[in-house]
Structures are given as structure tokens and as C-alpha cells.
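Pasted below: entry.cif, mmCIF, C-alpha atoms.
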```
data_my_file
#
loop_
_atom_site.label_atom_id
_atom_site.label_comp_id
_atom_site.auth_asym_id
_atom_site.auth_seq_id
_atom_site.Cartn_x
_atom_site.Cartn_y
_atom_site.Cartn_z
CA MET A 1 -4.75 -8.04 -6.39
CA PRO A 2 -7.85 -10.07 -5.49
CA SER A 3 -7.83 -11.85 -2.14
CA THR A 4 -7.26 -15.61 -2.32
CA ARG A 5 -7.57 -18.66 -0.09
CA SER A 6 -3.87 -18.48 0.71
CA ASP A 7 -4.56 -15.17 2.49
CA VAL A 8 -6.80 -16.96 5.01
CA VAL A 9 -5.97 -18.88 8.16
CA ALA A 10 -9.03 -20.61 9.63
CA VAL A 11 -9.15 -21.39 13.34
CA ALA A 12 -11.76 -23.81 14.70
CA VAL A 13 -12.34 -23.53 18.44
CA THR A 14 -13.37 -26.79 20.11
CA TYR A 15 -14.54 -28.03 23.50
CA GLY A 16 -15.80 -31.59 23.85
CA PRO A 17 -16.77 -31.78 20.15
CA ASP A 18 -19.03 -34.33 18.48
CA GLU A 19 -16.37 -36.75 17.30
CA ALA A 20 -18.59 -38.18 14.58
CA ALA A 21 -19.25 -34.75 13.03
CA LEU A 22 -15.93 -32.95 13.53
CA PRO A 23 -13.91 -34.68 10.75
CA ASP A 24 -16.40 -33.39 8.14
CA VAL A 25 -16.23 -29.87 9.65
CA LEU A 26 -12.45 -29.91 9.37
CA GLU A 27 -12.32 -31.47 5.89
CA ARG A 28 -14.68 -28.85 4.48
CA ALA A 29 -12.74 -25.97 6.03
CA ALA A 30 -9.25 -27.26 5.23
CA ALA A 31 -10.11 -27.52 1.54
CA GLN A 32 -11.03 -23.83 1.33
CA VAL A 33 -8.25 -21.95 3.18
CA GLY A 34 -4.49 -21.57 3.20
CA ARG A 35 -4.18 -23.18 6.62
CA LEU A 36 -6.46 -24.60 9.30
CA VAL A 37 -5.64 -24.71 13.01
CA VAL A 38 -7.80 -26.32 15.69
CA LEU A 39 -7.65 -24.53 19.03
CA ASP A 40 -8.94 -26.86 21.72
CA ASN A 41 -10.20 -25.23 24.91
CA ASP A 42 -8.97 -27.99 27.26
CA SER A 43 -11.58 -30.60 26.32
CA PRO A 44 -11.92 -33.25 29.03
CA GLU A 45 -10.36 -36.60 28.22
CA THR A 46 -12.47 -39.73 27.83
CA ASP A 47 -11.07 -43.06 29.03
CA GLY A 48 -7.65 -41.46 29.33
CA SER A 49 -7.42 -40.05 25.81
CA HIS A 50 -8.17 -36.76 24.08
CA TRP A 51 -10.66 -36.59 21.20
CA SER A 52 -7.84 -35.66 18.82
CA ASP A 53 -6.33 -39.11 19.37
CA ARG A 54 -9.53 -40.81 18.21
CA ILE A 55 -10.64 -39.00 15.05
CA ARG A 56 -9.21 -38.47 11.60
CA ILE A 57 -7.46 -35.10 11.36
CA PRO A 58 -7.01 -33.82 7.78
CA GLU A 59 -3.45 -33.66 6.57
CA GLY A 60 -1.76 -30.37 7.37
CA VAL A 61 -4.23 -29.42 10.13
CA GLU A 62 -2.59 -28.57 13.45
CA VAL A 63 -4.32 -29.15 16.79
CA VAL A 64 -3.26 -26.78 19.59
CA ARG A 65 -4.38 -27.92 23.05
CA LEU A 66 -4.76 -25.12 25.59
CA ALA A 67 -3.93 -25.88 29.22
CA SER A 68 -7.27 -24.51 30.45
CA ASN A 69 -10.63 -23.45 29.09
CA VAL A 70 -9.99 -19.77 28.42
CA GLY A 71 -13.38 -19.11 26.79
CA LEU A 72 -14.27 -17.96 23.31
CA GLY A 73 -13.09 -14.36 23.59
CA ALA A 74 -9.55 -15.36 24.55
CA ALA A 75 -9.56 -18.17 21.97
CA TYR A 76 -10.54 -15.73 19.21
CA ASN A 77 -7.74 -13.38 20.22
CA ARG A 78 -5.35 -16.31 20.11
CA ALA A 79 -6.75 -17.19 16.67
CA ALA A 80 -5.94 -13.70 15.38
CA ARG A 81 -2.38 -14.01 16.68
CA ILE A 82 -2.01 -17.40 14.99
CA ALA A 83 -3.18 -15.92 11.68
CA ARG A 84 -0.67 -13.06 12.02
CA ASP A 85 2.15 -15.48 12.80
CA PHE A 86 1.45 -17.26 9.51
CA GLY A 87 1.47 -13.97 7.60
CA ALA A 88 -2.25 -14.13 6.73
CA ARG A 89 -4.47 -11.15 5.92
CA PHE A 90 -7.65 -12.77 7.26
CA VAL A 91 -8.72 -15.04 10.09
CA LEU A 92 -11.78 -17.25 9.55
CA LEU A 93 -13.44 -18.17 12.85
CA LEU A 94 -15.22 -21.52 13.12
CA ASP A 95 -17.20 -23.40 15.75
CA GLN A 96 -16.80 -27.15 16.10
CA ASP A 97 -20.19 -27.83 14.45
CA SER A 98 -20.08 -25.33 11.56
CA ARG A 99 -19.91 -26.97 8.13
CA LEU A 100 -19.03 -24.72 5.20
CA ASP A 101 -20.62 -25.33 1.81
CA GLU A 102 -18.18 -25.81 -1.04
CA GLY A 103 -16.94 -22.44 -2.32
CA CYS A 104 -18.11 -20.57 0.80
CA VAL A 105 -14.74 -18.95 1.56
CA ASP A 106 -14.20 -17.93 -2.09
CA LEU A 107 -17.54 -16.11 -2.00
CA LEU A 108 -16.70 -14.38 1.28
CA LEU A 109 -13.39 -13.22 -0.19
CA ARG A 110 -15.04 -11.96 -3.38
CA HIS A 111 -17.61 -9.94 -1.45
CA HIS A 112 -14.94 -8.61 0.88
CA ASP A 113 -13.00 -7.26 -2.09
CA LEU A 114 -16.12 -5.70 -3.61
CA ARG A 115 -17.07 -4.03 -0.33
CA ALA A 116 -13.51 -2.88 0.37
CA GLU A 117 -13.84 -0.58 -2.64
CA ARG A 118 -16.46 1.38 -0.62
CA GLY A 119 -14.58 1.48 2.67
CA PRO A 120 -12.96 -0.65 5.39
CA VAL A 121 -14.59 -4.01 6.13
CA GLY A 122 -14.99 -5.42 9.61
CA ALA A 123 -16.24 -8.91 8.77
CA VAL A 124 -17.99 -10.84 6.02
CA GLY A 125 -20.30 -13.66 7.06
CA PRO A 126 -22.18 -16.49 5.37
CA THR A 127 -25.87 -17.28 5.48
CA PHE A 128 -26.26 -20.00 8.07
CA VAL A 129 -28.85 -22.75 8.04
CA ASP A 130 -29.85 -24.74 11.13
CA GLU A 131 -29.04 -28.34 10.23
CA ARG A 132 -31.95 -29.79 12.25
CA SER A 133 -34.81 -27.53 11.23
CA GLY A 134 -33.52 -26.40 7.83
CA GLU A 135 -34.32 -22.81 8.84
CA ARG A 136 -32.24 -20.18 7.08
CA ALA A 137 -31.26 -17.38 9.44
CA PRO A 138 -31.62 -13.85 8.08
CA PHE A 139 -29.13 -11.08 8.72
CA VAL A 140 -30.00 -8.44 11.32
CA ARG A 141 -30.28 -4.65 11.38
CA PHE A 142 -31.02 -3.19 14.81
CA GLY A 143 -34.33 -1.44 15.26
CA PHE A 144 -37.14 -0.68 17.70
CA PRO A 145 -39.49 -2.17 18.77
CA LEU A 146 -38.06 -5.13 16.82
CA ASN A 147 -34.85 -5.78 14.97
CA ARG A 148 -35.20 -5.89 11.20
CA LYS A 149 -34.39 -9.22 9.58
CA VAL A 150 -32.90 -8.90 6.12
CA ASP A 151 -32.33 -11.59 3.50
CA ALA A 152 -29.50 -10.91 1.09
CA PRO A 153 -30.60 -11.18 -2.56
CA ALA A 154 -29.33 -14.17 -4.53
CA GLY A 155 -25.82 -13.40 -5.72
CA GLY A 156 -25.61 -10.32 -3.51
CA ASP A 157 -24.89 -9.15 0.00
CA VAL A 158 -26.40 -6.87 2.64
CA ASP A 159 -25.22 -4.54 5.38
CA ALA A 160 -25.71 -6.07 8.81
CA ASP A 161 -25.35 -4.79 12.36
CA PHE A 162 -24.38 -8.21 13.69
CA LEU A 163 -22.70 -11.38 12.40
CA ILE A 164 -22.26 -14.56 14.38
CA SER A 165 -18.59 -15.32 14.93
CA SER A 166 -18.62 -18.77 13.37
CA GLY A 167 -18.00 -18.50 9.64
CA SER A 168 -16.95 -14.85 9.85
CA LEU A 169 -14.05 -13.84 7.64
CA ILE A 170 -12.29 -11.01 9.47
CA PRO A 171 -9.47 -8.90 8.03
CA LEU A 172 -6.74 -8.62 10.64
CA ALA A 173 -6.73 -4.88 9.93
CA ALA A 174 -10.30 -4.80 11.31
CA ILE A 175 -9.11 -6.21 14.63
CA ASP A 176 -6.45 -3.50 14.69
CA ALA A 177 -9.18 -0.89 14.16
CA ALA A 178 -11.89 -2.23 16.49
CA GLY A 179 -9.72 -3.98 19.06
CA GLY A 180 -9.67 -7.61 20.13
CA PHE A 181 -12.49 -9.71 21.51
CA ASP A 182 -13.75 -9.21 25.07
CA GLU A 183 -12.29 -12.07 27.10
CA GLY A 184 -14.35 -11.27 30.19
CA LEU A 185 -17.60 -12.28 28.47
CA PHE A 186 -16.05 -15.74 28.17
CA ILE A 187 -18.56 -17.30 25.76
CA ASP A 188 -21.93 -15.71 24.91
CA SER A 189 -22.31 -12.31 23.22
CA VAL A 190 -18.58 -12.13 22.47
CA ASP A 191 -19.41 -11.66 18.78
CA MET A 192 -22.20 -9.17 19.52
CA GLU A 193 -19.96 -6.93 21.60
CA TRP A 194 -17.19 -6.97 18.97
CA CYS A 195 -19.70 -6.07 16.26
CA PHE A 196 -20.78 -3.04 18.29
CA ARG A 197 -17.19 -1.80 18.31
CA ALA A 198 -16.58 -2.64 14.67
CA LYS A 199 -19.59 -0.58 13.60
CA ALA A 200 -18.57 2.27 15.90
CA ALA A 201 -15.15 2.24 14.22
CA GLY A 202 -16.80 2.74 10.83
CA LEU A 203 -16.30 -0.83 9.61
CA GLN A 204 -18.75 -2.63 7.35
CA LEU A 205 -20.37 -5.90 8.46
CA VAL A 206 -21.49 -7.77 5.37
CA GLY A 207 -23.80 -10.78 5.00
CA VAL A 208 -23.46 -12.85 1.84
CA ALA A 209 -26.46 -14.70 0.39
CA ASP A 210 -24.81 -17.50 -1.56
CA ALA A 211 -22.08 -18.34 0.97
CA ARG A 212 -23.78 -20.98 3.10
CA MET A 213 -22.87 -22.70 6.36
CA LEU A 214 -24.72 -25.41 8.27
CA HIS A 215 -24.76 -24.63 11.97
CA ALA A 216 -26.60 -26.00 15.02
CA ILE A 217 -28.45 -23.35 17.03
CA GLY A 218 -28.91 -24.20 20.70
CA ASP A 219 -28.68 -27.61 22.33
CA GLU A 220 -32.12 -28.83 21.32
CA LEU A 221 -35.07 -27.95 19.07
CA VAL A 222 -38.49 -28.01 20.78
CA ARG A 223 -41.82 -27.86 18.98
CA LEU A 224 -44.38 -25.56 20.61
CA PRO A 225 -48.18 -25.75 20.53
CA GLY A 226 -49.42 -24.57 17.15
CA GLY A 227 -46.40 -25.89 15.26
CA ALA A 228 -43.85 -23.19 16.09
CA THR A 229 -40.32 -24.18 17.12
CA MET A 230 -37.93 -22.93 19.80
CA PHE A 231 -34.20 -23.43 20.18
CA VAL A 232 -33.39 -24.55 23.72
CA HIS A 233 -30.16 -24.08 25.68
CA SER A 234 -28.85 -25.70 28.85
CA PRO A 235 -29.24 -23.83 32.18
CA LEU A 236 -25.51 -23.06 32.09
CA ARG A 237 -25.78 -21.42 28.68
CA LEU A 238 -28.94 -19.59 29.73
CA TYR A 239 -27.02 -18.18 32.71
CA MET A 240 -24.19 -16.97 30.49
CA MET A 241 -26.47 -15.59 27.78
CA THR A 242 -28.52 -13.63 30.30
CA ARG A 243 -25.53 -12.43 32.32
CA ASN A 244 -23.69 -11.10 29.30
CA ARG A 245 -26.72 -9.49 27.64
CA VAL A 246 -27.57 -7.61 30.84
CA ALA A 247 -23.91 -6.59 31.17
CA LEU A 248 -24.00 -5.18 27.63
CA TRP A 249 -27.14 -3.16 28.41
CA ARG A 250 -25.09 -1.19 30.94
CA ARG A 251 -22.09 -0.46 28.73
CA PRO A 252 -21.80 3.02 27.22
CA GLY A 253 -20.68 1.62 23.84
CA THR A 254 -23.82 -0.48 23.37
CA PRO A 255 -26.28 0.99 20.84
CA GLY A 256 -29.36 2.24 22.67
CA VAL A 257 -31.70 0.91 19.98
CA TRP A 258 -30.34 -2.61 20.55
CA THR A 259 -30.82 -2.39 24.32
CA ALA A 260 -34.36 -1.04 23.92
CA GLN A 261 -35.47 -4.07 21.92
CA ASP A 262 -33.35 -6.61 23.84
CA VAL A 263 -34.80 -5.92 27.29
CA PRO A 264 -38.34 -7.10 26.38
CA ARG A 265 -36.83 -9.85 24.20
CA MET A 266 -34.98 -11.34 27.18
CA ALA A 267 -38.11 -11.12 29.33
CA PHE A 268 -39.99 -13.02 26.62
CA LYS A 269 -37.19 -15.60 26.46
CA LEU A 270 -37.38 -16.13 30.22
CA ALA A 271 -41.14 -16.70 29.98
CA ARG A 272 -40.79 -19.19 27.11
CA MET A 273 -37.91 -21.12 28.67
CA THR A 274 -39.78 -21.54 31.94
CA ALA A 275 -43.10 -22.40 30.26
CA PHE A 276 -42.03 -24.82 27.55
CA ALA A 277 -38.47 -26.07 28.15
CA ALA A 278 -37.44 -28.53 30.85
CA PRO A 279 -35.97 -28.28 33.43
CA ARG A 280 -38.22 -25.25 33.95
CA GLY A 281 -37.18 -24.38 37.50
CA ARG A 282 -33.46 -24.62 36.74
CA ASN A 283 -33.90 -22.55 33.59
CA ALA A 284 -35.67 -19.79 35.50
CA ARG A 285 -33.09 -19.77 38.30
CA ALA A 286 -30.20 -19.72 35.82
CA MET A 287 -31.60 -16.76 33.89
CA LEU A 288 -32.52 -14.79 37.00
CA ARG A 289 -29.10 -15.36 38.55
CA GLY A 290 -27.51 -14.43 35.24
CA ALA A 291 -29.46 -11.17 35.16
CA LEU A 292 -28.34 -10.32 38.70
CA ASP A 293 -24.68 -11.14 38.01
CA GLY A 294 -24.79 -9.21 34.73
CA TRP A 295 -26.17 -6.16 36.52
CA ARG A 296 -23.35 -6.46 39.07
CA GLY A 297 -20.79 -6.62 36.26
CA ARG A 298 -19.58 -10.16 36.92
CA GLN A 299 -17.14 -11.40 34.24
CA GLY A 300 -15.20 -14.55 33.39
CA PRO A 301 -16.32 -18.20 33.44
CA PRO A 302 -19.62 -19.15 35.06
CA PRO A 303 -19.60 -19.78 38.82
CA SER A 304 -19.77 -23.42 39.82
CA ALA A 305 -23.32 -22.97 41.12
CA ALA A 306 -24.51 -22.04 37.64
CA ARG A 307 -23.36 -25.45 36.39
CA ARG A 308 -25.79 -27.37 38.61
#
```

In C-alpha cells, how does this file's structure come out?
Amino acid sequence: MPSTRSDVVAVAVTYGPDEAALPDVLERAAAQVGRLVVLDNDSPETDGSHWSDRIRIPEGVEVVRLASNVGLGAAYNRAARIARDFGARFVLLLDQDSRLDEGCVDLLLRHHDLRAERGPVGAVGPTFVDERSGERAPFVRFGFPLNRKVDAPAGGDVDADFLISSGSLIPLAAIDAAGGFDEGLFIDSVDMEWCFRAKAAGLQLVGVADARMLHAIGDELVRLPGGATMFVHSPLRLYMMTRNRVALWRRPGTPGVWTAQDVPRMAFKLARMTAFAAPRGRNARAMLRGALDGWRGRQGPPPSAARR
């Protein structure tokens, strides 16, 4: 039997979402799946009310408010449990700013079924397009000295070594095989680390050309001299990104080829963030502290000092 929308529970994880954009995110997702649940990571209230009291929630969509911000890894594990409780075969993970094109989930399901004829599937992901720049992100195969960027052919799909979590359609059987998401990473590289384990477990990661999703990369888009662009993150996110990447370098399950290309990549990122992105000093301190904490194996939410 072919997989259908009714086999899918989508879970959108939110924290202080853009209230003007979120209704469209939810409408698009709710129309394509059997059920949609919003898992809110303890968003702060504004003027005494929660964002869910101020926006239009599509009919049938449930909002679950967590008592604390548990991070993405724990939220994704909760999402898988929610999908199981509803008797689903798949969980579709979504960020609060990810807008699915019409028919996206149907395409992901179709390519899952085609790939499942070859062997077990870990995740199927859409092509995502940055909504500010219009840039279409390729899929990635790890390599040295640089990763190989691969575009799926129109109507087709490609093998990938990494899929971003948002928009990923994951069979619950894949989570049984690879294990749950790493809650200690808290936010950044949670999807990367899970993909390492999925591949090690012999699961396919599949990128689909015609399944499209609009997604914002970074907090800001900066234009560099010569016309190039750079996605910029806050010092807090730079701390977490650096901490978790360095932590992954030290783990025995991390592919050596990925570490070999990521070490110089992170050094290059540090140089660019301190040269072209304000606040330069805070960016540099955040990344350097992140590197030190990652080397020490620090886990969990960022320390309060990294927020300043």
C-alpha cells in the first residue's frame, strides 16, 4: 500500500515565532498531513499573553505548551512520541518559519516509497529555498577538502549525507533503528548528529528535487564586497553552533571526512564573522568560548554569559 498523508503527523517546534508569518506556515502544513501539532518551547509571554492567544490557529491544530525550553533535541523526541501516540508511521519535523509548497508532503511520501524498495529509509527531505535571497540550497555529500554539493534532477532525488531537520519526513522505524535525537546538543547540529547515526545504521537519506520549502537561513543576510552574500547569526547562536561542532569533532561516531573539512570551515567562518558581521567583538568571543566549551564536552542550554 502506498503511503498517504494520513500516515503523517507533523510537529512544528516554536519559540517566540513571527506571529505575522506563523499562520501561513501552519495552514500550509495542516493541509498536507493527517494531523499537525505545535510544540511550543516555553515562548515568553508578551503583555501577559502567549502568542497562541493572538494568532489564527488552523482548525484541528493542537498547541502543546512546554513548561520550559527543553531545546530542539528533546522537542524532536517528544514529536516522535506524539506521532506514535496518534498511530502514525511518519513524523514530519517543522521549524516555525518553514513554509511547504503545495504537494510537498505527497512528493516526500512518493519518494520514500520508491526508495524503500531499495532498503530502509532514514529521512526524506525537500529542497529548501532561502526566502530572502531566493538561493536554492543543494544537498550535501561529505568529502575532503570540500563537501560535494549535489542538485537533485527535476522529478528525481539524490542520496545525501545530511538533511536539515525542518521539512524532513522521518519514518518512526528509522528512529527505532538510529535512536532518538541528542538532547544534550540542545539546538544546533542536532540534525547533523542524528544523520551521522542514521547513515551508520544503513539508512538512506534522500533529497527530493521537486518538493520545495521556503526557509530562512540565519538571522540576517549581509552583502559582502564584490557582491557575495553571507548568512549571519546572533552571538548566542554562534556560540552554540561552534560549541556543538567542536563537540562532534571529538565523538567516535563522527565521520572523519566530515571533521577534516569542518575544522578549516569553522576557522573560515570565525574570520568572516569577525571581519564582516557586527558586533564583531561579541561574535569572536562567542565562537571562541563555544570552541573551548565544545572541547571540554559541555552540553545543554547555553550558559547565561553566552547570551550577553

Please identify all polymer residues lying at most 12 Å from the point (-15.9, -14.4, 7.8) (file coordinates), using all atoms listed in the file, and present the result as number ranges by chain.
A: 8-11, 33, 90-94, 100, 104-112, 121-128, 163-172, 174, 191, 205-208, 211-213

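Closest approach to Ser189 in chain A among A:Met266, A:Ala67, A:Ile175, A:Ala247: A:Ala247, based on all atoms listed in the file.
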
Hey, can you pull every residue with an atom no more than 12 Å from (-8.7, -27.1, 18.2), using all atoms listed in the file, and send it as a PyMOL selection string?
chain A and resi 10-17+22-23+25-26+36-43+50-52+57+61-66+69+72+75-76+78-79+93-96

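One finds CA of Val158 in chain A at 29.5 Å from CA of Ala267 in chain A.
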
Pull out every residue that the PyMOL selection byres ((chain A and resi 144-157) around 9) matches in the shown coordinates and put them as a PyMOL selection string.
chain A and resi 111+127+137-143+158-160+206-210+257-258+260-262+265

Output of the PyMOL selection byres ((chain A and resi 291) around 12), listed as a count of residues only:
31

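Distance annotation: of A:Gly281, A:Ala88, A:Asp161, A:Ala216, the residue with the minimal separation from Trp194 in chain A is A:Asp161; atom set is all atoms listed in the file.
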
Between CA of Ala198 in chain A and CA of Gly256 in chain A - distance in Å to one decimal
15.8 Å

Would you mind putting back N, CA and C atoms on range 249-279 of chain A, then writing it out as an mmCIF file, keeping the file's coordinate frame?
```cif
data_model
loop_
_atom_site.group_PDB
_atom_site.id
_atom_site.type_symbol
_atom_site.label_atom_id
_atom_site.label_comp_id
_atom_site.auth_asym_id
_atom_site.auth_seq_id
_atom_site.Cartn_x
_atom_site.Cartn_y
_atom_site.Cartn_z
ATOM 1 N N TRP A 249 -26.176 -4.262 28.281
ATOM 2 C CA TRP A 249 -27.140 -3.160 28.410
ATOM 3 C C TRP A 249 -26.526 -1.976 29.142
ATOM 4 N N ARG A 250 -25.633 -2.230 30.078
ATOM 5 C CA ARG A 250 -25.090 -1.190 30.940
ATOM 6 C C ARG A 250 -23.848 -0.510 30.376
ATOM 7 N N ARG A 251 -23.336 -1.018 29.271
ATOM 8 C CA ARG A 251 -22.090 -0.460 28.730
ATOM 9 C C ARG A 251 -22.367 0.757 27.867
ATOM 10 N N PRO A 252 -21.557 1.799 28.001
ATOM 11 C CA PRO A 252 -21.800 3.020 27.220
ATOM 12 C C PRO A 252 -21.639 2.824 25.717
ATOM 13 N N GLY A 253 -20.874 1.826 25.268
ATOM 14 C CA GLY A 253 -20.680 1.620 23.840
ATOM 15 C C GLY A 253 -21.774 0.815 23.169
ATOM 16 N N THR A 254 -22.732 0.332 23.941
ATOM 17 C CA THR A 254 -23.820 -0.480 23.370
ATOM 18 C C THR A 254 -24.861 0.425 22.732
ATOM 19 N N PRO A 255 -25.260 0.154 21.484
ATOM 20 C CA PRO A 255 -26.280 0.990 20.840
ATOM 21 C C PRO A 255 -27.592 0.969 21.628
ATOM 22 N N GLY A 256 -28.129 2.145 21.892
ATOM 23 C CA GLY A 256 -29.360 2.240 22.670
ATOM 24 C C GLY A 256 -30.523 1.534 22.008
ATOM 25 N N VAL A 257 -30.590 1.551 20.681
ATOM 26 C CA VAL A 257 -31.700 0.910 19.980
ATOM 27 C C VAL A 257 -31.654 -0.601 20.191
ATOM 28 N N TRP A 258 -30.446 -1.165 20.288
ATOM 29 C CA TRP A 258 -30.340 -2.610 20.550
ATOM 30 C C TRP A 258 -30.825 -2.924 21.958
ATOM 31 N N THR A 259 -30.402 -2.142 22.942
ATOM 32 C CA THR A 259 -30.820 -2.390 24.320
ATOM 33 C C THR A 259 -32.331 -2.270 24.455
ATOM 34 N N ALA A 260 -32.924 -1.277 23.795
ATOM 35 C CA ALA A 260 -34.360 -1.040 23.920
ATOM 36 C C ALA A 260 -35.180 -2.231 23.437
ATOM 37 N N GLN A 261 -34.708 -2.917 22.389
ATOM 38 C CA GLN A 261 -35.470 -4.070 21.920
ATOM 39 C C GLN A 261 -35.054 -5.347 22.643
ATOM 40 N N ASP A 262 -33.831 -5.370 23.230
ATOM 41 C CA ASP A 262 -33.350 -6.610 23.840
ATOM 42 C C ASP A 262 -33.917 -6.826 25.231
ATOM 43 N N VAL A 263 -34.239 -5.761 25.947
ATOM 44 C CA VAL A 263 -34.800 -5.920 27.290
ATOM 45 C C VAL A 263 -36.115 -6.711 27.232
ATOM 46 N N PRO A 264 -37.118 -6.289 26.445
ATOM 47 C CA PRO A 264 -38.340 -7.100 26.380
ATOM 48 C C PRO A 264 -38.090 -8.473 25.742
ATOM 49 N N ARG A 265 -37.138 -8.559 24.832
ATOM 50 C CA ARG A 265 -36.830 -9.850 24.200
ATOM 51 C C ARG A 265 -36.351 -10.864 25.236
ATOM 52 N N MET A 266 -35.484 -10.433 26.157
ATOM 53 C CA MET A 266 -34.980 -11.340 27.180
ATOM 54 C C MET A 266 -36.080 -11.722 28.174
ATOM 55 N N ALA A 267 -36.984 -10.792 28.458
ATOM 56 C CA ALA A 267 -38.110 -11.120 29.330
ATOM 57 C C ALA A 267 -38.989 -12.180 28.675
ATOM 58 N N PHE A 268 -39.203 -12.045 27.379
ATOM 59 C CA PHE A 268 -39.990 -13.020 26.620
ATOM 60 C C PHE A 268 -39.287 -14.375 26.606
ATOM 61 N N LYS A 269 -37.964 -14.357 26.465
ATOM 62 C CA LYS A 269 -37.190 -15.600 26.460
ATOM 63 C C LYS A 269 -37.302 -16.318 27.803
ATOM 64 N N LEU A 270 -37.225 -15.550 28.893
ATOM 65 C CA LEU A 270 -37.380 -16.130 30.220
ATOM 66 C C LEU A 270 -38.740 -16.810 30.348
ATOM 67 N N ALA A 271 -39.793 -16.140 29.888
ATOM 68 C CA ALA A 271 -41.140 -16.700 29.980
ATOM 69 C C ALA A 271 -41.252 -17.995 29.162
ATOM 70 N N ARG A 272 -40.689 -17.997 27.961
ATOM 71 C CA ARG A 272 -40.790 -19.190 27.110
ATOM 72 C C ARG A 272 -39.965 -20.351 27.663
ATOM 73 N N MET A 273 -38.763 -20.058 28.152
ATOM 74 C CA MET A 273 -37.910 -21.120 28.670
ATOM 75 C C MET A 273 -38.491 -21.765 29.924
ATOM 76 N N THR A 274 -39.197 -20.987 30.725
ATOM 77 C CA THR A 274 -39.780 -21.540 31.940
ATOM 78 C C THR A 274 -41.142 -22.189 31.672
ATOM 79 N N ALA A 275 -41.796 -21.826 30.571
ATOM 80 C CA ALA A 275 -43.100 -22.400 30.260
ATOM 81 C C ALA A 275 -43.011 -23.679 29.444
ATOM 82 N N PHE A 276 -42.041 -23.730 28.519
ATOM 83 C CA PHE A 276 -42.030 -24.820 27.550
ATOM 84 C C PHE A 276 -40.795 -25.707 27.570
ATOM 85 N N ALA A 277 -39.721 -25.313 28.233
ATOM 86 C CA ALA A 277 -38.470 -26.070 28.150
ATOM 87 C C ALA A 277 -38.063 -26.611 29.514
ATOM 88 N N ALA A 278 -37.932 -27.916 29.613
ATOM 89 C CA ALA A 278 -37.440 -28.530 30.850
ATOM 90 C C ALA A 278 -35.914 -28.440 30.876
ATOM 91 N N PRO A 279 -35.336 -28.344 32.103
ATOM 92 C CA PRO A 279 -35.970 -28.280 33.430
ATOM 93 C C PRO A 279 -36.406 -26.841 33.731
#
```
